[in-house]
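*Asks:* One structure is given below, represented as structure tokens, and several questions about it will come after.
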Amino acid sequence: MRTSKRAIAMAIGLSVMASTTTVDAQTQPEVRFPEAEVLASDGLAVQSILADVGLDAAWRSTLDLHPGVRPLTVQYRDGSESKVADLIRTTLELSATTAERDETVTELRSTAVELDEAFERERRREIARNQADAYFQGIHALTQAVAIDSFTGDDPAAAALLGLDGKALTIAQRNFELTNTTLEEMFSQRTQAEEDLDEAIVAYDAAVARRVEVESAHEALVEQAASLNAQRRTLDAAARTMLPDAAEAFTVAAVPGQTGLTPKALSAYLTAEATSAEINPGCHISWRTLAAIGSVEGLHGEYGNTRMGVDGRPADLIVGIALNGQVDNFGEATANLRDTDGGRYDGDPIFDRAVGPMQFIPQTWATWGRDGDGDGERDPHDIDDAALAAAAYLCNYGSLRDWGSWSAAIFGYNHSAAYVNSVKASLDRALQLRLPDFEGDEQLRQSTPYGAWVPIPEPEPEPEPEAPVSEGTG
């Protein structure tokens, strides 16, 4: 069953819930992802999770497999799933930290705007307070001057002798027509001005307090964002360090339902098909055909309980029986082929032996060997090279679009009717493997050869020799 985007989102959501906004790493609870091992087996989920944190390109480069293979669901062996699960856990934690960082940055931007507004509000409140204070001081001074004049009969200008603020007095004078304003009214105005001043002071103090509060929150968010960025850098570096081991585990895992098939082997078949489609489009060879041959010939490079390596070479080289005329696995006598490679590929300086995942005879390899992985060497033990060489060899027989030409090409690979039928049975198993969709997968949708499959008949057994007739005497 495929892991959906919803499941991935839920996994990442759990990580956010498990994390905390506390910037002190010592008090932050450990984030665990029990679903990591389930997600790790799903190549599509791995790609999606890594893409969320910008590691998809690094994963593709490190994995180095055909695009059609990377989304596969695989089955890890020897406990190697932990390498991918650890990567998933780290990546999900990185994703959660990134989400928290992004949320913090959003809050930081909001508080920055709010802080600017708080500073502006404080500035306006300060101006209003100063104006109210000046107005009150002016009214207070003028009221005192008028009161003194009413008791002494002096001119109001004598108020200057009291050391009053001239500017404040001027402001107050603008608001009063002294000749029409009674002292009682002036006292009332001064009381109102004093109340207004008190309100202005309260408003200013509140603006200062709010500015301090926002400023403190802003500074805390700055520190938190810096801490989360540091955590992200640490997690990103850790994930990148884990990529090679995780990619290796994925590359040599098992493809469920296909004995011996690994993502590495499947990648070799897909790449060989794509290359053949470019250089020989009339051949119409399918990766499934190559996989069928690879299964029969060398169990996809895992024949004899060996394991395919990430470099495309079996851990233990696959070498067939000496071609000295003895009977092979199909009960037929082999050719008698003296050594042609000095034992370079098969280790036998006397007779040639079929070698590698696709079981090439050294003298055949000398003609059809190809460099499938672009490393500058043609190695029959390398499944990338062997798969492309097999495609070239089969395409030499012409188009494989119908079963007749397909059978002829397979027979040409190994002159045995039993072998052709065995490859056809293996092809049927390969047809059960459905690859996830990916961009540019037109070749992967290629159907089987046209027409009806007609099994190649087994050769009729040789007739038993007749017993000699005894000559009688008469």
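By convention here, the chains of the structure tokens are called A, B, ... in the order presented, each chain's residues are numbered starting at 1, and ligands are numbered starting at 1 in the order presented.
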If we count only C-alpha atoms, what is near range 324-327 of chain A at a cut-off of 10 Å, once residues fewer than 3 positions away on the same chain are taken out, given as a PyMOL selection string?
*Replies:* chain A and resi 321+330-338+350-353
*Asks:* List the spatial neighbours of Leu55 in chain A as number ranges by chain - criterion: any atom at most 9 Å away, only C-alpha atoms, same-chain residues fewer than 6 positions off excluded.
*Replies:* A: 47, 49, 91, 236, 239-240
*Asks:* Go ahead and write the residues just picked, N, CA, C and O atoms, as a short mmCIF file (atom, residue, chain, number, x, y, z; two decimals), in the first residue's frame.
*Replies:*
```cif
data_model
loop_
_atom_site.label_atom_id
_atom_site.label_comp_id
_atom_site.auth_asym_id
_atom_site.auth_seq_id
_atom_site.Cartn_x
_atom_site.Cartn_y
_atom_site.Cartn_z
N GLN A 47 11.03 10.35 -0.95
CA GLN A 47 11.26 11.50 -1.85
C GLN A 47 10.47 12.72 -1.38
O GLN A 47 11.00 13.84 -1.36
N ILE A 49 9.24 13.44 1.63
CA ILE A 49 9.72 13.97 2.91
C ILE A 49 11.01 14.76 2.71
O ILE A 49 11.19 15.84 3.28
N THR A 91 14.98 13.95 9.18
CA THR A 91 14.36 14.84 8.19
C THR A 91 13.01 15.36 8.68
O THR A 91 12.68 16.53 8.48
N ASP A 236 20.13 19.62 9.25
CA ASP A 236 20.40 19.51 7.82
C ASP A 236 21.74 18.84 7.58
O ASP A 236 21.86 17.95 6.72
N ALA A 239 21.39 15.14 8.37
CA ALA A 239 20.66 14.42 7.32
C ALA A 239 21.55 14.19 6.10
O ALA A 239 21.55 13.09 5.52
N ARG A 240 22.30 15.18 5.73
CA ARG A 240 23.19 15.03 4.57
C ARG A 240 24.27 13.99 4.84
O ARG A 240 24.70 13.27 3.92
#
```
*Asks:* Between CA of Ser82 in chain A and CA of Trp59 in chain A, measure the distance and give it in Å to one decimal.
*Replies:* 16.7 Å
*Asks:* If you run DSSP on this backbone, which residues of range 282-432 of chain A come out as alpha helix (DSSP H), and could you give them as a ChimeraX atom specification?
*Replies:* /A:287-298,362-368,383-395,403-413,417-430
*Asks:* So that I can check the surroundings of Arg70 in chain A, please list as number ranges by chain every protein, DNA and RNA residue that reaches within 8 Å of it, counting only C-alpha atoms and ignoring chain neighbours fewer than 4 positions away.
*Replies:* A: 43-44, 47, 65-66, 263
*Asks:* Among the residues of range 221-386 of chain A, find those DSSP assigns to strand (DSSP E or B) from the backbone and print them as a list in words.
*Replies:*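 In range 221-386 of chain A, DSSP puts these residues in strand (DSSP E or B): Ala254, Met308, Pro314, Val319, Gly320, Ile321, Ala322, Asn324, Val327, Ala333, Asn336, Arg338, Phe351, Arg353, Ala354, Val355 and Phe360 of chain A.
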*Asks:* Please determine, counting only C-alpha atoms, which residue among A:Pro244, A:Arg370, A:Ala132, A:Arg77 has the shortest atom-to-atom distance to Met308 in chain A.
*Replies:*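 When distances to Met308 in chain A are compared using only C-alpha atoms, the smallest one comes from A:Arg77.
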*Asks:* From the list A:Glu377, A:Glu273, A:Glu278, A:Glu114, which residue is nearest Gly68 in chain A when using only C-alpha atoms?
*Replies:*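 The closest residue to Gly68 in chain A is A:Glu273.
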*Asks:* Counting only C-alpha atoms, what is within 9 Å of Asp86 in chain A, bar same-chain residues fewer than 2 positions away, as a list in words?
*Replies:*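 Close residues of Asp86 in chain A: Ala36, Glu37, Ala40, Glu81, Ser82, Lys83, Val84, Ile88, Arg89, Thr90, Thr91, Ala239, Met242 and Ala246 of chain A.
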*Asks:* Nearest to Ala128 in chain A among A:Leu72, A:Leu197, A:Val146, A:Ala226, with distances taken over only C-alpha atoms: which residue is it?
*Replies:*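 Between A:Leu72, A:Leu197, A:Val146, A:Ala226, the residue approaching Ala128 in chain A most closely is A:Leu197.
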*Asks:* Write out as a PDB file with N, CA, C and O atoms, in the first residue's frame each polymer residue whose atoms come within 12 Å of Asp116 in chain A, counting only C-alpha atoms; drop sequence neighbours fewer than 2 positions from it.
*Replies:*
```
ATOM      1  N   ARG A 109       7.992  39.034  12.049  1.00  0.00           N
ATOM      2  CA  ARG A 109       7.619  40.111  11.122  1.00  0.00           C
ATOM      3  C   ARG A 109       6.416  40.880  11.648  1.00  0.00           C
ATOM      4  O   ARG A 109       6.342  42.107  11.531  1.00  0.00           O
ATOM      5  N   SER A 110       5.458  40.151  12.235  1.00  0.00           N
ATOM      6  CA  SER A 110       4.271  40.803  12.779  1.00  0.00           C
ATOM      7  C   SER A 110       4.644  41.716  13.943  1.00  0.00           C
ATOM      8  O   SER A 110       4.158  42.854  14.033  1.00  0.00           O
ATOM      9  N   THR A 111       5.517  41.205  14.820  1.00  0.00           N
ATOM     10  CA  THR A 111       5.911  42.034  15.964  1.00  0.00           C
ATOM     11  C   THR A 111       6.777  43.210  15.533  1.00  0.00           C
ATOM     12  O   THR A 111       6.776  44.253  16.200  1.00  0.00           O
ATOM     13  N   ALA A 112       7.503  43.054  14.439  1.00  0.00           N
ATOM     14  CA  ALA A 112       8.300  44.180  13.938  1.00  0.00           C
ATOM     15  C   ALA A 112       7.380  45.322  13.515  1.00  0.00           C
ATOM     16  O   ALA A 112       7.646  46.500  13.813  1.00  0.00           O
ATOM     17  N   VAL A 113       6.288  44.966  12.823  1.00  0.00           N
ATOM     18  CA  VAL A 113       5.302  45.976  12.434  1.00  0.00           C
ATOM     19  C   VAL A 113       4.643  46.562  13.676  1.00  0.00           C
ATOM     20  O   VAL A 113       4.471  47.784  13.805  1.00  0.00           O
ATOM     21  N   GLU A 114       4.288  45.662  14.608  1.00  0.00           N
ATOM     22  CA  GLU A 114       3.636  46.115  15.833  1.00  0.00           C
ATOM     23  C   GLU A 114       4.566  46.999  16.658  1.00  0.00           C
ATOM     24  O   GLU A 114       4.125  47.971  17.290  1.00  0.00           O
ATOM     25  N   ALA A 118       4.006  50.671  17.899  1.00  0.00           N
ATOM     26  CA  ALA A 118       4.104  51.007  19.319  1.00  0.00           C
ATOM     27  C   ALA A 118       5.002  52.222  19.532  1.00  0.00           C
ATOM     28  O   ALA A 118       4.698  53.099  20.360  1.00  0.00           O
ATOM     29  N   PHE A 119       6.101  52.272  18.813  1.00  0.00           N
ATOM     30  CA  PHE A 119       6.985  53.436  18.903  1.00  0.00           C
ATOM     31  C   PHE A 119       6.260  54.704  18.438  1.00  0.00           C
ATOM     32  O   PHE A 119       6.373  55.774  19.057  1.00  0.00           O
ATOM     33  N   GLU A 120       5.501  54.587  17.349  1.00  0.00           N
ATOM     34  CA  GLU A 120       4.763  55.739  16.828  1.00  0.00           C
ATOM     35  C   GLU A 120       3.675  56.158  17.813  1.00  0.00           C
ATOM     36  O   GLU A 120       3.451  57.358  18.048  1.00  0.00           O
ATOM     37  N   ARG A 121       2.993  55.178  18.389  1.00  0.00           N
ATOM     38  CA  ARG A 121       1.954  55.488  19.372  1.00  0.00           C
ATOM     39  C   ARG A 121       2.570  56.191  20.591  1.00  0.00           C
ATOM     40  O   ARG A 121       2.032  57.164  21.117  1.00  0.00           O
ATOM     41  N   GLU A 122       3.711  55.684  21.026  1.00  0.00           N
ATOM     42  CA  GLU A 122       4.397  56.295  22.173  1.00  0.00           C
ATOM     43  C   GLU A 122       4.805  57.731  21.847  1.00  0.00           C
ATOM     44  O   GLU A 122       4.671  58.639  22.681  1.00  0.00           O
ATOM     45  N   ARG A 123       5.303  57.930  20.617  1.00  0.00           N
ATOM     46  CA  ARG A 123       5.712  59.284  20.211  1.00  0.00           C
ATOM     47  C   ARG A 123       4.532  60.233  20.222  1.00  0.00           C
ATOM     48  O   ARG A 123       4.615  61.373  20.739  1.00  0.00           O
ATOM     49  N   ARG A 210       3.310  49.253  26.637  1.00  0.00           N
ATOM     50  CA  ARG A 210       3.037  48.377  25.492  1.00  0.00           C
ATOM     51  C   ARG A 210       4.249  48.265  24.592  1.00  0.00           C
ATOM     52  O   ARG A 210       4.575  47.176  24.118  1.00  0.00           O
ATOM     53  N   ARG A 211       4.934  49.363  24.367  1.00  0.00           N
ATOM     54  CA  ARG A 211       6.142  49.321  23.535  1.00  0.00           C
ATOM     55  C   ARG A 211       7.189  48.414  24.160  1.00  0.00           C
ATOM     56  O   ARG A 211       7.830  47.602  23.479  1.00  0.00           O
ATOM     57  N   VAL A 212       7.381  48.518  25.462  1.00  0.00           N
ATOM     58  CA  VAL A 212       8.352  47.654  26.161  1.00  0.00           C
ATOM     59  C   VAL A 212       7.949  46.193  26.035  1.00  0.00           C
ATOM     60  O   VAL A 212       8.791  45.315  25.796  1.00  0.00           O
ATOM     61  N   VAL A 214       6.052  44.759  23.630  1.00  0.00           N
ATOM     62  CA  VAL A 214       6.247  44.302  22.248  1.00  0.00           C
ATOM     63  C   VAL A 214       7.736  44.154  21.947  1.00  0.00           C
ATOM     64  O   VAL A 214       8.163  43.205  21.283  1.00  0.00           O
ATOM     65  N   GLU A 215       8.521  45.110  22.451  1.00  0.00           N
ATOM     66  CA  GLU A 215       9.965  45.062  22.216  1.00  0.00           C
ATOM     67  C   GLU A 215      10.567  43.806  22.843  1.00  0.00           C
ATOM     68  O   GLU A 215      11.415  43.136  22.250  1.00  0.00           O
ATOM     69  N   HIS A 218       9.551  40.823  20.787  1.00  0.00           N
ATOM     70  CA  HIS A 218      10.295  40.840  19.541  1.00  0.00           C
ATOM     71  C   HIS A 218      11.716  40.307  19.750  1.00  0.00           C
ATOM     72  O   HIS A 218      12.209  39.488  18.962  1.00  0.00           O
TER      73      HIS A 218
END
```
